[in-house]
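Engineer: I have a structure I would like to understand better, so I am pasting it below and will then ask my questions one at a time.
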Amino acid sequence: MRLGFALPQSGPLAGPETIARVAQHAEELGYDSLWVFDGFLYPVQPQSPYPGTPDGNMPANMRIMLGPLEALTFAAAFTSRIALGASVLVMGYRNPVMLAQSLTTLDVLSGGRLRVGLGQGWSKDEHDAVGVPMSSRAARADEFLKVLKAIWTTDPVEFHGKFFHIRRSHILPKPVQKPHPPIYLAAYTPGAMQRVATMADGWNPAGVPPQGMAQMMQGVGEMAKQAGHDPAKLQMVVRGNSYGSPDQMKAEIQATREAGAEELFFDPFFSPAITSLDAVLRTMEQIKRLAEG
């Protein structure tokens, strides 16, 4: 099972020095990947509860946010081997044509190290801010993925849908990775899981117990088989947001491995114990030892 770590993209530690140092240290330690997440508002009176906390309140460190793709591109310049992933970019916040260019640029500049995580999002405030209704998220997501793949795999490109239109055009260059960078989808509802099975390279869960992940991934495999796709090609890439005692962490790593995950990456920046760059570097070293032990 591959092992990844989040970049300090949010909270008081977010900045050029910490991003560069964490990226370099992750590569020195032999981590497989670095990850960022999406978000740009901290609403004073949110319309949607945050799904990652029991009370629905957004974590305080999300008051400060650097752009995910900009942070990944910065980290790419300080590394040479480690993969660069997003978990996840919200499709409703972006135009797929412009996102395709940004992602292709990152894949080219990094020498083919990009991993693309996409999701439908949860925040009505952020959707309102970009003028995209949440009611159209599912239909828009299907078309969004088709546009990305069309841009990445055809030349010239032409696309005409309900939400997006591209007149016959050359959109170059193409990504280094062929046919395109791997696409992982955050999904929990039946319709979204069907999208994983038929339109993605894998599933990117968070906050699901290992036994539940294994069962849900089995269901995705059955959907893929029914659609004529090879379920063995679908990967489970798990986001670990918890950070407990060494014994708890070791148990979580082992349980995730036994659930069939190809990769597990940790984001400890929501923990109140992570208050300095030194604490981050020590945490990275500890997690790597636990994963190897």
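Note on naming: chains are A, B, ... as they come in the structure tokens, residues start from 1 per chain, ligands start from 1 in the order shown.
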Considering only C-alpha atoms, return as a ChimeraX atom specification whatever protein or nucleic-acid residues lie within 12 Å of Glu28 (chain A), sequence-local ones (same chain, fewer than 5 positions apart) excluded.
Structural biologist: /A:21-23,33,78-82,281,284-285,288
Engineer: Store the residues of this selection in a file with N, CA and C atoms, as a tab-separated table (two decimals), in the first residue's frame.
Structural biologist:
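selection.tsv, freshly written:
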```
chain	number	residue	atom	x	y	z
A	21	ARG	N	9.37	22.66	2.50
A	21	ARG	CA	10.07	21.74	3.42
A	21	ARG	C	9.33	20.42	3.58
A	22	VAL	N	8.00	20.48	3.70
A	22	VAL	CA	7.22	19.25	3.82
A	22	VAL	C	7.34	18.42	2.55
A	23	ALA	N	7.28	19.06	1.40
A	23	ALA	CA	7.41	18.34	0.13
A	23	ALA	C	8.77	17.65	0.03
A	33	SER	N	3.35	10.16	-2.19
A	33	SER	CA	2.52	11.22	-2.74
A	33	SER	C	2.32	12.37	-1.75
A	78	PHE	N	10.05	21.76	-6.00
A	78	PHE	CA	11.03	21.39	-4.96
A	78	PHE	C	11.22	19.88	-4.87
A	79	THR	N	10.58	19.13	-5.77
A	79	THR	CA	10.66	17.67	-5.73
A	79	THR	C	10.89	17.14	-7.14
A	80	SER	N	11.21	15.85	-7.22
A	80	SER	CA	11.45	15.26	-8.55
A	80	SER	C	10.77	13.92	-8.77
A	81	ARG	N	10.32	13.27	-7.69
A	81	ARG	CA	9.79	11.92	-7.82
A	81	ARG	C	8.37	11.78	-7.31
A	82	ILE	N	8.05	12.41	-6.23
A	82	ILE	CA	6.81	12.16	-5.49
A	82	ILE	C	5.59	12.60	-6.30
A	281	LEU	N	7.14	17.74	10.71
A	281	LEU	CA	8.21	16.85	10.25
A	281	LEU	C	8.32	15.62	11.13
A	284	MET	N	5.47	13.27	10.25
A	284	MET	CA	5.75	12.55	9.00
A	284	MET	C	6.67	11.35	9.26
A	285	GLU	N	7.68	11.56	10.06
A	285	GLU	CA	8.63	10.48	10.37
A	285	GLU	C	7.95	9.37	11.16
A	288	LYS	N	5.57	7.32	8.89
A	288	LYS	CA	6.34	6.44	7.99
A	288	LYS	C	6.86	5.21	8.74
```
Engineer: Please give the complete set of residues from region 71-111 of chain A that DSSP, run on the backbone, assigns to strand (DSSP E), formatted as a list in words.
Structural biologist: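 Selection result, strand (DSSP E) within region 71-111 of chain A: Ala83, Leu84, Gly85, Ala86, Leu89 and Val90 of chain A.
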Engineer: For the residues in that selection, give me C-alpha atoms as a short mmCIF file (atom, residue, chain, number, x, y, z; two decimals), in the first residue's frame.
Structural biologist:
```
data_model
loop_
_atom_site.label_atom_id
_atom_site.label_comp_id
_atom_site.auth_asym_id
_atom_site.auth_seq_id
_atom_site.Cartn_x
_atom_site.Cartn_y
_atom_site.Cartn_z
CA ALA A 83 3.27 12.13 -6.92
CA LEU A 84 1.07 15.23 -6.61
CA GLY A 85 -2.61 14.72 -5.82
CA ALA A 86 -5.79 16.69 -5.17
CA LEU A 89 -11.21 19.52 -6.53
CA VAL A 90 -14.89 20.47 -6.58
#
```
Engineer: Would you mind telling me which residue in A:Met199, A:Leu103, A:Met1, A:Met91 lies nearest to Leu69 (chain A) when using only C-alpha atoms?
Structural biologist: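 Smallest distance to Leu69 (chain A) is found for A:Leu103.
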Engineer: Leaving out region 238-247 of chain A and any residue of its chain fewer than 5 positions from it, which residues lie within 7 Å of it when counting only C-alpha atoms, given as a PyMOL selection string?
Structural biologist: chain A and resi 204-206+261+263-268+271
Engineer: Filtering to C-alpha atoms, could you give me those residues as a PDB file, in the first residue's frame?
Structural biologist:
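Just written: again_3.pdb:
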```pdb
ATOM      1  CA  ASN A 204     -11.246   8.458  -2.933  1.00  0.00           C
ATOM      2  CA  PRO A 205     -13.146   7.921   0.343  1.00  0.00           C
ATOM      3  CA  ALA A 206     -12.724   9.776   3.626  1.00  0.00           C
ATOM      4  CA  ALA A 261      -6.695   0.238  -0.334  1.00  0.00           C
ATOM      5  CA  GLU A 263      -2.982   4.075  -1.054  1.00  0.00           C
ATOM      6  CA  LEU A 264      -3.525   5.883   2.255  1.00  0.00           C
ATOM      7  CA  PHE A 265      -2.554   9.484   2.841  1.00  0.00           C
ATOM      8  CA  PHE A 266      -2.713  11.457   6.060  1.00  0.00           C
ATOM      9  CA  ASP A 267      -3.722  15.040   6.707  1.00  0.00           C
ATOM     10  CA  PRO A 268      -2.822  15.839  10.335  1.00  0.00           C
ATOM     11  CA  SER A 271      -5.070  18.301  14.777  1.00  0.00           C
TER      12      SER A 271
END
```
Engineer: Would you give me, as JSON lines, each residue of region 63-162 of chain A having an atom within 10 Å of an atom of region 40-48 of chain A, along with its shortest atom pair and that distance in Å to one decimal, using only C-alpha atoms and sorting by chain and residue number?
Structural biologist:
```
{"residue": "A:Arg63", "atom": "CA", "partner": "A:Tyr42", "partner_atom": "CA", "distance": 5.5}
{"residue": "A:Ile64", "atom": "CA", "partner": "A:Tyr42", "partner_atom": "CA", "distance": 8.4}
{"residue": "A:Met65", "atom": "CA", "partner": "A:Phe40", "partner_atom": "CA", "distance": 6.4}
{"residue": "A:Leu66", "atom": "CA", "partner": "A:Phe40", "partner_atom": "CA", "distance": 8.1}
{"residue": "A:Gly67", "atom": "CA", "partner": "A:Phe40", "partner_atom": "CA", "distance": 7.8}
{"residue": "A:Pro68", "atom": "CA", "partner": "A:Phe40", "partner_atom": "CA", "distance": 9.8}
{"residue": "A:Tyr93", "atom": "CA", "partner": "A:Phe40", "partner_atom": "CA", "distance": 9.8}
{"residue": "A:Trp122", "atom": "CA", "partner": "A:Ser48", "partner_atom": "CA", "distance": 7.1}
{"residue": "A:Ser123", "atom": "CA", "partner": "A:Ser48", "partner_atom": "CA", "distance": 5.6}
{"residue": "A:Lys124", "atom": "CA", "partner": "A:Ser48", "partner_atom": "CA", "distance": 6.0}
{"residue": "A:Asp125", "atom": "CA", "partner": "A:Gln47", "partner_atom": "CA", "distance": 6.3}
{"residue": "A:Glu126", "atom": "CA", "partner": "A:Leu41", "partner_atom": "CA", "distance": 6.3}
{"residue": "A:Ala129", "atom": "CA", "partner": "A:Leu41", "partner_atom": "CA", "distance": 8.8}
```
Engineer: Output C-alpha atoms for every residue in that selection, as an mmCIF file, in the first residue's frame.
Structural biologist:
```
data_model
loop_
_atom_site.group_PDB
_atom_site.id
_atom_site.type_symbol
_atom_site.label_atom_id
_atom_site.label_comp_id
_atom_site.auth_asym_id
_atom_site.auth_seq_id
_atom_site.Cartn_x
_atom_site.Cartn_y
_atom_site.Cartn_z
ATOM 1 C CA ARG A 63 -10.041 30.234 7.719
ATOM 2 C CA ILE A 64 -6.704 30.405 5.873
ATOM 3 C CA MET A 65 -6.512 28.612 2.516
ATOM 4 C CA LEU A 66 -3.992 28.608 -0.318
ATOM 5 C CA GLY A 67 -5.134 27.503 -3.757
ATOM 6 C CA PRO A 68 -4.741 23.736 -4.198
ATOM 7 C CA TYR A 93 -16.256 25.615 -8.788
ATOM 8 C CA TRP A 122 -20.927 20.151 -0.070
ATOM 9 C CA SER A 123 -20.904 23.942 0.474
ATOM 10 C CA LYS A 124 -23.881 25.938 -0.768
ATOM 11 C CA ASP A 125 -22.044 29.145 0.091
ATOM 12 C CA GLU A 126 -19.154 28.307 -2.230
ATOM 13 C CA ALA A 129 -20.233 32.411 -4.836
#
```
Engineer: With only C-alpha atoms as the basis for distance, which of A:Pro8, A:Pro175, A:Pro156, A:Pro51 is at the shortest distance from Ser110 (chain A)?
Structural biologist: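 Smallest separation from Ser110 (chain A) among the options: A:Pro175.
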Engineer: Per DSSP on the backbone, filter region 82-260 of chain A down to the residues in helix (DSSP H, G or I) and report them as a PyMOL selection string.
Structural biologist: chain A and resi 91-93+96-109+124-130+134-153+190-199+210-226+231-233+246-258
Engineer: Counting only C-alpha atoms, which residue out of A:Leu29, A:Leu114, A:Ala77, A:Ala20 sits closest to Lys178 (chain A)?
Structural biologist: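 Ranked by minimum distance to Lys178 (chain A), first place goes to A:Leu114.
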Engineer: So, with only C-alpha atoms as the atoms that count, which of A:Asp128, A:Phe74, A:Lys162, A:Pro133 lies closest to Thr18 (chain A)?
Structural biologist: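 Comparing A:Asp128, A:Phe74, A:Lys162, A:Pro133 against Thr18 (chain A), the winner is A:Phe74.
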Engineer: What separation in Å, quoted to one decimal, exists between CA of Pro190 (chain A) and CA of Val220 (chain A)?
Structural biologist: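 Going from CA of Pro190 (chain A) over to CA of Val220 (chain A) covers 9.2 Å.
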Engineer: With distances taken over only C-alpha atoms, which residue among A:Pro173, A:Gly212, A:Gly260, A:Gly221 lies nearest Gln101 (chain A)?
Structural biologist: A:Pro173
Engineer: Check the smallest atom-to-atom distance from each of A:Asp278, A:Leu3, A:His160, A:Val116 to Leu290 (chain A) using only C-alpha atoms, then report the winner.
Structural biologist: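 Among the listed residues, the smallest separation from Leu290 (chain A) belongs to A:Leu3.
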Engineer: What does the distance from CA of Trp35 (chain A) to CA of Ala75 (chain A) come to in Å, to one decimal?
Structural biologist: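 Value for the CA of Trp35 (chain A)-CA of Ala75 (chain A) distance: 10.0 Å.
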Engineer: Quick one, how far is CA of Met223 (chain A) from CA of Gln254 (chain A)?
Structural biologist: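 Between CA of Met223 (chain A) and CA of Gln254 (chain A) the gap works out to 26.8 Å.
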